[in-house]
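Engineer: Pasting in a structure now, in C-alpha cells, and then I'll have a few things to ask.
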Amino acid sequence: MRISDVLRGKGGAVVTIPRDATVRDLLALLAEHHIGACVVSDDGESVDGIVSERDIVRALARRGAAVLSEPVSTIMTADVRTCEPAAVIDELVAVMTEGRFRHVPVVVDGKLAGIVSIGDVVKIRMLELDAEREALAAYIAAGST
Ligand code: AMP
C-alpha cells in the first residue's frame with residue numbers, strides 16, 4: 001500500500017495557516033476542523049512549517065498564556081519531513097515512529113498534495129486486515145466443502 005491509496009480515500013485537502021497568524025487563530029482552526037496539526041504555509045501550497053497541538057502545549061508550559069498572541073512561526077517546526085504519493089506506507093510508519101510525530105504532509109513538485117496522519121494509517125491497516133481475514137475465511141470455507 002502506498003500514500004496515494006490513503007489519499008484516494010480522504011482526498012488531498014490540507015488545512016493551512018500563514019506564518020504570521022497568531023497561536024490563538026491556530027487554536028480556533030484546529031478546533032473548527034477537528035484536527036491536531038496544521039501545515040504552516042503563506043501561499044497555501046508551499047510547506048513553510050508544521051505546527052501541532054504538542055507545540056502549543058509545550059509553548060504554553062514554558063512561556064504562559066502570552067504565547068497565544070504570538071505568531072505561529074515562533075512555535076512551529078520549520079524542518080518538516082514530507083513524503084511523495086508513491087511512498088510506501090510501511091516506510092512512512094517507520095519515519096513517524098523514529099521522528100515521534102503523527103503527521104506527514106504529502107508534496108508533489110514542491111506543492112502540498114495532502115497530509116497523512118497516524119490515524120489515517122491505522123484506518124487503512126484495519127481495512128487491509130479485514131480484507132485478509134475475509135480472504136482466509138473464504139479459503140478455509142472452500143477447502144472444507
Ligand atoms: P505530532 O505528533 O504530529 O503532533 O507532532 C509532534 C512534534 O513533531 C511537534 O513538535 C510537531 O511540530 C512536529 N512535527 C509534526 N509533524 C512533523 C513532520 N512531518 N516533520 C517534522 N516535524 C513534525
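Identifiers in this document derive from the order of the C-alpha cells: chains are assigned A, B, ..., residues are numbered from 1 separately in each chain, and ligands are numbered from 1 in order of occurrence.
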List every residue of chain A that has an atom at most 12 Å from any atom of ligand 1, and for each one report the closest atom pair and its distance in Å to one decimal, counting only C-alpha atoms and all ligand atoms, with rows sorted by chain and then by increasing residue number, as CSV.
Structural biologist:
residue,atom,partner,partner_atom_place_in_ligand_line,distance
A:Leu30,CA,ligand 1,4 (O),11.7
A:Ile35,CA,ligand 1,4 (O),9.9
A:Gly36,CA,ligand 1,4 (O),6.3
A:Ala37,CA,ligand 1,4 (O),6.0
A:Cys38,CA,ligand 1,15 (C),8.8
A:Val39,CA,ligand 1,16 (N),8.7
A:Val40,CA,ligand 1,12 (O),10.0
A:Val47,CA,ligand 1,19 (N),10.1
A:Asp48,CA,ligand 1,20 (N),11.0
A:Gly49,CA,ligand 1,12 (O),7.8
A:Ile50,CA,ligand 1,12 (O),5.2
A:Val51,CA,ligand 1,12 (O),4.3
A:Ser52,CA,ligand 1,4 (O),4.6
A:Glu53,CA,ligand 1,4 (O),5.8
A:Arg54,CA,ligand 1,4 (O),5.3
A:Asp55,CA,ligand 1,10 (O),5.0
A:Ile56,CA,ligand 1,10 (O),8.7
A:Val57,CA,ligand 1,10 (O),9.8
A:Arg58,CA,ligand 1,10 (O),8.5
A:Ala59,CA,ligand 1,10 (O),10.2
A:Val72,CA,ligand 1,12 (O),10.8
A:Ser73,CA,ligand 1,12 (O),10.8
A:Thr74,CA,ligand 1,12 (O),11.1
A:Ile75,CA,ligand 1,12 (O),7.9
A:Met76,CA,ligand 1,12 (O),5.5
A:Thr77,CA,ligand 1,12 (O),4.5
A:Ala78,CA,ligand 1,21 (C),7.5
A:Asp79,CA,ligand 1,21 (C),5.7
A:Val80,CA,ligand 1,20 (N),3.6
A:Arg81,CA,ligand 1,20 (N),3.7
A:Thr82,CA,ligand 1,19 (N),5.6
A:Cys83,CA,ligand 1,19 (N),8.5
A:Leu92,CA,ligand 1,19 (N),10.0
A:Val93,CA,ligand 1,19 (N),11.4
A:Val95,CA,ligand 1,19 (N),8.9
A:Met96,CA,ligand 1,19 (N),7.7
A:Thr97,CA,ligand 1,2 (O),9.5
A:Glu98,CA,ligand 1,8 (O),10.8
A:Gly99,CA,ligand 1,8 (O),7.3
A:Arg100,CA,ligand 1,2 (O),6.0
A:Phe101,CA,ligand 1,2 (O),3.4
A:Arg102,CA,ligand 1,3 (O),3.7
A:His103,CA,ligand 1,3 (O),4.3
A:Val104,CA,ligand 1,19 (N),3.9
A:Pro105,CA,ligand 1,19 (N),6.0
A:Val106,CA,ligand 1,19 (N),9.1
A:Val107,CA,ligand 1,19 (N),11.1
A:Gly114,CA,ligand 1,19 (N),11.9
A:Ile115,CA,ligand 1,19 (N),9.0
A:Val116,CA,ligand 1,19 (N),9.1
A:Ser117,CA,ligand 1,3 (O),7.6
A:Ile118,CA,ligand 1,3 (O),8.4
A:Gly119,CA,ligand 1,3 (O),10.8
Engineer: Tell me which protein, DNA and RNA residues are within 8 Å of Ala86 (chain A), counting only C-alpha atoms, leaving out same-chain ones fewer than 3 positions away, and put them as a PyMOL selection string.
Structural biologist: chain A and resi 2-4
Engineer: Closest to Glu91 (chain A) among A:Asp130, A:Val121, A:Ser46, A:Leu60, using only C-alpha atoms?
Structural biologist: A:Val121
Engineer: What lies within 12 Å of Leu127 (chain A) using only C-alpha atoms, ignoring chain neighbours under 4 positions off, as an MDAnalysis selection string?
Structural biologist: chainID A and resid 1 5:6 9 120:123 131:134
Engineer: With N, CA, C and O atoms retained, export the selected residues as a PDB file, in the first residue's frame.
Structural biologist:
ATOM      1  N   MET A   1       0.822  -1.198   0.000  1.00  0.00           N
ATOM      2  CA  MET A   1       0.000   0.000   0.000  1.00  0.00           C
ATOM      3  C   MET A   1       0.868   1.264   0.000  1.00  0.00           C
ATOM      4  O   MET A   1       1.890   1.318   0.685  1.00  0.00           O
ATOM      5  N   ASP A   5      -2.821   5.562  -2.045  1.00  0.00           N
ATOM      6  CA  ASP A   5      -4.014   4.791  -1.673  1.00  0.00           C
ATOM      7  C   ASP A   5      -4.753   5.469  -0.515  1.00  0.00           C
ATOM      8  O   ASP A   5      -5.980   5.451  -0.460  1.00  0.00           O
ATOM      9  N   VAL A   6      -3.995   6.043   0.405  1.00  0.00           N
ATOM     10  CA  VAL A   6      -4.605   6.751   1.535  1.00  0.00           C
ATOM     11  C   VAL A   6      -5.323   8.003   1.023  1.00  0.00           C
ATOM     12  O   VAL A   6      -6.468   8.289   1.380  1.00  0.00           O
ATOM     13  N   GLY A   9      -8.761   7.765  -0.621  1.00  0.00           N
ATOM     14  CA  GLY A   9      -9.905   7.680   0.291  1.00  0.00           C
ATOM     15  C   GLY A   9     -10.264   9.008   0.935  1.00  0.00           C
ATOM     16  O   GLY A   9     -11.433   9.330   1.084  1.00  0.00           O
ATOM     17  N   ASP A 120      -4.938   8.000   9.877  1.00  0.00           N
ATOM     18  CA  ASP A 120      -5.216   7.518   8.507  1.00  0.00           C
ATOM     19  C   ASP A 120      -4.529   6.177   8.271  1.00  0.00           C
ATOM     20  O   ASP A 120      -5.085   5.276   7.630  1.00  0.00           O
ATOM     21  N   VAL A 121      -3.298   6.066   8.776  1.00  0.00           N
ATOM     22  CA  VAL A 121      -2.522   4.832   8.574  1.00  0.00           C
ATOM     23  C   VAL A 121      -3.183   3.665   9.309  1.00  0.00           C
ATOM     24  O   VAL A 121      -3.324   2.571   8.762  1.00  0.00           O
ATOM     25  N   VAL A 122      -3.615   3.926  10.550  1.00  0.00           N
ATOM     26  CA  VAL A 122      -4.279   2.868  11.333  1.00  0.00           C
ATOM     27  C   VAL A 122      -5.551   2.417  10.618  1.00  0.00           C
ATOM     28  O   VAL A 122      -5.826   1.218  10.499  1.00  0.00           O
ATOM     29  N   LYS A 123      -6.315   3.399  10.093  1.00  0.00           N
ATOM     30  CA  LYS A 123      -7.580   3.083   9.411  1.00  0.00           C
ATOM     31  C   LYS A 123      -7.346   2.168   8.205  1.00  0.00           C
ATOM     32  O   LYS A 123      -8.030   1.154   8.039  1.00  0.00           O
ATOM     33  N   ALA A 131      -9.751  -7.347   5.038  1.00  0.00           N
ATOM     34  CA  ALA A 131      -9.773  -7.986   3.713  1.00  0.00           C
ATOM     35  C   ALA A 131      -9.017  -9.313   3.766  1.00  0.00           C
ATOM     36  O   ALA A 131      -9.463 -10.328   3.225  1.00  0.00           O
ATOM     37  N   GLU A 132      -7.859  -9.314   4.478  1.00  0.00           N
ATOM     38  CA  GLU A 132      -7.053 -10.538   4.616  1.00  0.00           C
ATOM     39  C   GLU A 132      -7.839 -11.620   5.359  1.00  0.00           C
ATOM     40  O   GLU A 132      -7.856 -12.785   4.962  1.00  0.00           O
ATOM     41  N   ARG A 133      -8.507 -11.186   6.447  1.00  0.00           N
ATOM     42  CA  ARG A 133      -9.282 -12.135   7.261  1.00  0.00           C
ATOM     43  C   ARG A 133     -10.406 -12.756   6.420  1.00  0.00           C
ATOM     44  O   ARG A 133     -10.619 -13.971   6.445  1.00  0.00           O
ATOM     45  N   GLU A 134     -11.098 -11.910   5.629  1.00  0.00           N
ATOM     46  CA  GLU A 134     -12.198 -12.417   4.810  1.00  0.00           C
ATOM     47  C   GLU A 134     -11.686 -13.397   3.750  1.00  0.00           C
ATOM     48  O   GLU A 134     -12.305 -14.434   3.493  1.00  0.00           O
TER      49      GLU A 134
END
Engineer: To one decimal place in Å, what is the distance between CA of Gly110 (chain A) and CA of His33 (chain A)?
Structural biologist: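 Distance reported for this atom pair: 24.5 Å.
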Engineer: If I take CA of Ile140 (chain A) and CA of Glu128 (chain A), how far is one from the other in Å, to one decimal?
Structural biologist: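 These two atoms are separated by 18.4 Å.
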Engineer: Taking only C-alpha atoms into account, name the residue in A:Met126, A:His34, A:Ala113, A:Asp25 that is nearest to Ala13 (chain A).
Structural biologist: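 Of all the options, A:Ala113 lies closest to Ala13 (chain A).
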